[in-house]
file model_19.txt (compact mmCIF, C-alpha atoms)
# COMPACT_ATOMS: atom_id res chain seq x y z
CA MET A 29 -16.12 -80.15 84.64
CA ALA A 30 -13.28 -82.62 85.38
CA ILE A 31 -9.70 -81.38 85.14
CA THR A 32 -7.59 -83.48 82.78
CA PRO A 33 -3.93 -84.33 83.62
CA MET A 34 -2.74 -82.01 80.84
CA ALA A 35 -4.78 -79.10 82.22
CA LEU A 36 -3.47 -79.84 85.73
CA VAL A 37 0.15 -79.74 84.52
CA LEU A 38 -0.44 -76.43 82.74
CA ILE A 39 -2.18 -74.90 85.75
CA VAL A 40 0.60 -75.98 88.15
CA GLY A 41 3.22 -74.65 85.73
CA LEU A 42 1.45 -71.31 85.44
CA ILE A 43 1.14 -70.93 89.21
CA ALA A 44 4.78 -71.89 89.79
CA ALA A 45 5.98 -69.43 87.18
CA MET A 46 3.87 -66.65 88.68
CA VAL A 47 5.42 -67.29 92.09
CA ALA A 48 9.00 -67.48 90.77
CA PRO A 49 9.18 -65.66 87.42
CA LEU A 50 12.12 -65.56 85.04
CA ILE A 51 14.65 -63.13 86.47
CA PRO A 52 17.21 -61.69 84.02
CA MET A 53 20.69 -61.84 85.50
CA ARG A 54 21.67 -58.28 84.65
CA ARG A 55 21.85 -54.95 86.40
CA ARG A 56 18.58 -53.05 86.32
CA PRO A 57 17.96 -49.32 86.66
CA THR A 58 16.09 -48.21 89.74
CA GLY A 59 13.38 -45.64 90.38
CA LEU A 60 10.20 -44.79 88.51
CA SER A 61 11.86 -45.07 85.11
CA ALA A 62 12.20 -48.83 85.66
CA PHE A 63 8.63 -49.34 86.92
CA PRO A 64 6.60 -51.31 84.30
CA PHE A 65 3.57 -48.99 84.19
CA ILE A 66 2.28 -50.17 80.81
CA THR A 67 2.74 -53.88 81.56
CA LEU A 68 0.84 -53.61 84.83
CA LEU A 69 -1.91 -51.55 83.19
CA LEU A 70 -2.31 -54.19 80.47
CA LEU A 71 -2.31 -57.01 83.03
CA ALA A 72 -4.97 -55.34 85.16
CA SER A 73 -7.12 -54.43 82.15
CA ASN A 74 -7.10 -57.94 80.71
CA LEU A 75 -7.91 -59.61 84.03
CA LEU A 76 -10.63 -57.13 84.96
CA ILE A 77 -12.28 -57.37 81.55
CA PHE A 78 -12.12 -61.17 81.62
CA PHE A 79 -13.89 -61.41 84.96
CA ALA A 80 -16.35 -58.65 84.04
CA THR A 81 -17.37 -60.52 80.87
CA THR A 82 -17.65 -63.95 82.50
CA GLY A 83 -21.10 -65.34 83.19
CA ARG A 84 -22.30 -67.03 86.37
CA ASP A 85 -21.29 -70.40 84.92
CA GLY A 86 -17.66 -69.27 84.83
CA GLU A 87 -17.58 -69.14 81.03
CA PRO A 88 -17.09 -65.97 78.96
CA ARG A 89 -20.33 -64.57 77.55
CA MET A 90 -20.63 -65.48 73.87
CA ASP A 91 -22.60 -62.34 73.03
CA ILE A 92 -19.64 -60.21 74.14
CA LEU A 93 -17.10 -62.42 72.36
CA THR A 94 -19.01 -62.19 69.07
CA THR A 95 -19.60 -58.43 69.41
CA TYR A 96 -16.12 -57.33 70.49
CA GLY A 97 -14.04 -60.22 69.19
CA LEU A 98 -12.65 -60.08 65.67
CA LEU A 99 -15.22 -61.85 63.47
CA PRO A 100 -13.60 -62.58 60.06
CA SER A 101 -16.98 -62.81 58.29
CA SER A 102 -17.89 -59.23 59.31
CA PRO A 103 -14.91 -57.47 60.92
CA ALA A 104 -15.29 -54.05 62.51
CA VAL A 105 -12.39 -51.64 62.87
CA TYR A 106 -12.76 -51.35 66.66
CA THR A 107 -12.40 -55.13 67.05
CA LEU A 108 -8.78 -54.84 65.89
CA ILE A 109 -8.22 -53.49 69.42
CA THR A 110 -11.03 -54.93 71.52
CA HIS A 111 -10.27 -58.56 70.62
CA MET A 112 -6.98 -58.25 72.53
CA PHE A 113 -8.81 -57.76 75.84
CA LEU A 114 -11.12 -60.78 75.54
CA HIS A 115 -10.24 -64.39 76.30
CA GLY A 116 -11.97 -67.70 75.83
CA SER A 117 -11.19 -69.27 79.20
CA LEU A 118 -9.41 -68.75 82.51
CA LEU A 119 -6.49 -70.88 81.27
CA HIS A 120 -6.32 -68.74 78.12
CA VAL A 121 -6.09 -65.42 79.98
CA CYS A 122 -3.71 -66.80 82.63
CA GLY A 123 -1.35 -68.16 79.97
CA ASN A 124 -1.27 -64.86 78.12
CA MET A 125 -0.86 -62.79 81.26
CA LEU A 126 1.96 -65.08 82.41
CA GLY A 127 3.88 -64.28 79.22
CA LEU A 128 3.22 -60.58 79.69
CA TRP A 129 4.32 -60.72 83.34
CA LEU A 130 7.52 -62.66 82.61
CA PHE A 131 8.78 -60.81 79.55
CA GLY A 132 6.88 -57.51 79.29
CA PRO A 133 8.68 -55.51 82.02
CA HIS A 134 12.11 -56.21 80.49
CA VAL A 135 11.03 -55.14 77.02
CA GLU A 136 9.29 -52.07 78.45
CA GLU A 137 12.47 -51.13 80.30
CA ALA A 138 14.59 -51.64 77.17
CA VAL A 139 12.50 -49.67 74.65
CA GLY A 140 10.64 -47.18 76.84
CA HIS A 141 7.07 -47.02 78.13
CA TRP A 142 5.27 -45.39 75.20
CA GLU A 143 7.25 -47.23 72.53
CA TYR A 144 6.47 -50.49 74.29
CA GLY A 145 2.74 -49.70 74.40
CA LEU A 146 2.67 -48.81 70.70
CA PHE A 147 4.63 -51.95 69.84
CA TYR A 148 2.22 -54.10 71.89
CA PHE A 149 -0.88 -52.75 70.15
CA GLY A 150 0.85 -52.79 66.77
CA CYS A 151 1.64 -56.49 67.16
CA GLY A 152 -1.95 -57.22 68.21
CA ILE A 153 -3.36 -55.37 65.19
CA ALA A 154 -0.87 -57.07 62.85
CA ALA A 155 -1.89 -60.47 64.25
CA ALA A 156 -5.57 -59.63 63.70
CA LEU A 157 -4.99 -58.58 60.08
CA THR A 158 -2.95 -61.73 59.47
CA HIS A 159 -5.77 -63.80 60.94
CA LEU A 160 -8.27 -62.13 58.59
CA LEU A 161 -6.13 -62.98 55.56
CA ILE A 162 -5.56 -66.59 56.62
CA THR A 163 -9.22 -67.27 57.38
CA HIS A 164 -10.46 -65.70 54.14
CA PHE A 165 -8.00 -67.55 51.91
CA PHE A 166 -7.20 -70.80 53.72
CA LEU A 167 -9.66 -71.39 56.59
CA THR A 168 -12.98 -70.30 55.14
CA ASN A 169 -14.87 -72.61 57.52
CA ALA A 170 -13.56 -70.50 60.46
CA VAL A 171 -14.83 -67.09 59.29
CA THR A 172 -17.74 -67.22 61.75
CA ILE A 173 -15.52 -67.94 64.77
CA PRO A 174 -14.45 -64.78 66.67
CA MET A 175 -10.76 -64.27 67.28
CA VAL A 176 -10.09 -63.28 70.90
CA GLY A 177 -7.02 -62.99 73.06
CA ALA A 178 -3.83 -61.01 73.49
CA SER A 179 -1.67 -63.80 72.05
CA GLY A 180 -0.67 -61.86 68.93
CA ALA A 181 0.53 -58.85 70.94
CA ILE A 182 2.29 -61.01 73.53
CA PHE A 183 4.05 -63.16 70.94
CA GLY A 184 5.38 -59.89 69.51
CA ILE A 185 6.74 -59.03 72.97
CA LEU A 186 8.26 -62.50 73.26
CA GLY A 187 9.92 -62.10 69.87
CA LEU A 188 11.41 -58.73 70.78
CA PHE A 189 12.57 -60.12 74.13
CA ALA A 190 14.28 -63.05 72.37
CA VAL A 191 15.99 -60.71 69.88
CA ARG A 192 16.99 -58.09 72.47
CA PHE A 193 18.06 -60.44 75.27
CA TRP A 194 18.78 -63.73 73.51
CA ARG A 195 22.30 -63.94 74.95
CA ALA A 196 21.26 -62.87 78.45
CA LYS A 197 21.11 -65.52 81.13
CA VAL A 198 17.85 -65.91 83.01
CA ARG A 199 16.99 -67.83 86.14
CA VAL A 200 14.06 -70.20 85.71
CA PHE A 201 12.14 -70.84 88.95
CA LEU A 202 15.16 -69.40 90.82
CA ILE A 203 17.13 -72.59 90.09
CA PHE A 204 18.18 -73.10 86.46
CA GLN A 205 20.19 -70.68 84.37
CA VAL A 206 19.51 -70.69 80.63
CA GLN A 207 19.81 -68.28 77.72
CA ALA A 208 16.75 -66.12 77.22
CA VAL A 209 16.05 -67.52 73.76
CA TRP A 210 15.54 -71.00 75.26
CA ALA A 211 13.25 -69.66 77.98
CA VAL A 212 11.12 -67.97 75.31
CA SER A 213 11.06 -71.15 73.20
CA VAL A 214 9.83 -73.27 76.12
CA PHE A 215 7.14 -70.71 76.95
CA VAL A 216 5.96 -70.65 73.32
CA LEU A 217 5.78 -74.45 73.36
CA LEU A 218 3.65 -74.35 76.52
CA GLN A 219 1.37 -71.82 74.85
CA ILE A 220 0.94 -74.06 71.81
CA LEU A 221 0.17 -77.06 74.03
CA SER A 222 -2.42 -75.04 75.95
CA LEU A 223 -4.07 -73.93 72.69
CA ILE A 224 -4.22 -77.55 71.53
CA HIS A 225 -5.80 -78.50 74.86
CA ILE A 226 -8.37 -75.69 74.66
CA SER A 227 -9.36 -76.67 71.12
CA GLU A 228 -9.95 -80.32 72.04

call {"tool": "encode", "arguments": {"input": "model_19.txt", "output": "structure tokens"}}
result
Amino acid sequence: MAITPMALVLIVGLIAAMVAPLIPMRRRPTGLSAFPFITLLLLASNLLIFFATTGRDGEPRMDILTTYGLLPSSPAVYTLITHMFLHGSLLHVCGNMLGLWLFGPHVEEAVGHWEYGLFYFGCGIAAALTHLLITHFFLTNAVTIPMVGASGAIFGILGLFAVRFWRAKVRVFLIFQVQAVWAVSVFVLLQILSLIHISE
């Protein structure tokens, strides 16, 4: 499969951001209380599950996506959670995990480990329920397409980060200094562009 210029730009951007993440310019607590346990657990779980559910062709197995993804035509309660740990492509999971890596630790530090975990899953469930309503009332031709991905939960984290730290200055790629709200906005735009690319 040939890599398009748009995909190449997104991949390079993701790799660069992983190497030099956004660094809030504020004093941070030290010790175990500042260690992002929940963020790292979510990162590891998503990546391990993605690679465990990928076939030999490098593509996620459709039988798993349709069983554990949120299928609007016949939703199961457990898929409100399981859909968050499945992704449709390597670019999809990398984009989501980039957002979690950049913004998750700061939110976890601000609100606490358990509160952060509950908020993450709450946002993912809320996104799933919203998706069910939208597909049943407005996108009836999409009720047989499984919803997968941690995007709903991560966009909740991004929103809380923007609200909590919107005035904080962050370093982007160790060079530029911008307000956090602009960093979040650019990341959201990149996510939208990647979703458009995936759907093409």

call {"tool": "residues_near_point", "arguments": {"input": "model_19.txt", "point": "(14.2, -58.6, 80.0)", "cutoff": "8 Å", "atoms": "all atoms listed in the file", "output": "list in words"}}
result
Ile51, Pro52, Phe131, Gly132, Pro133, His134, Val135, Glu137, Ala138, Phe189 and Phe193 of chain A

call {"tool": "closest_residue", "arguments": {"input": "model_19.txt", "among": "A:Ile185, A:Val176, A:Leu126, A:Leu114", "to": "Leu71 (chain A)", "atoms": "only C-alpha atoms"}}
result
A:Leu126

call {"tool": "residues_around", "arguments": {"input": "model_19.txt", "residues": "region 96-113 of chain A", "least_positions_apart": "5", "cutoff": "8 Å", "atoms": "only C-alpha atoms", "output": "ChimeraX atom specification"}}
result
/A:73-74,77-78,149,152-153,156-157,159-160,163-164,170-179,181

call {"tool": "atom_distance", "arguments": {"input": "model_19.txt", "atom1": "CA of Thr67 (chain A)", "atom2": "CA of Phe183 (chain A)"}}
result
14.2 Å
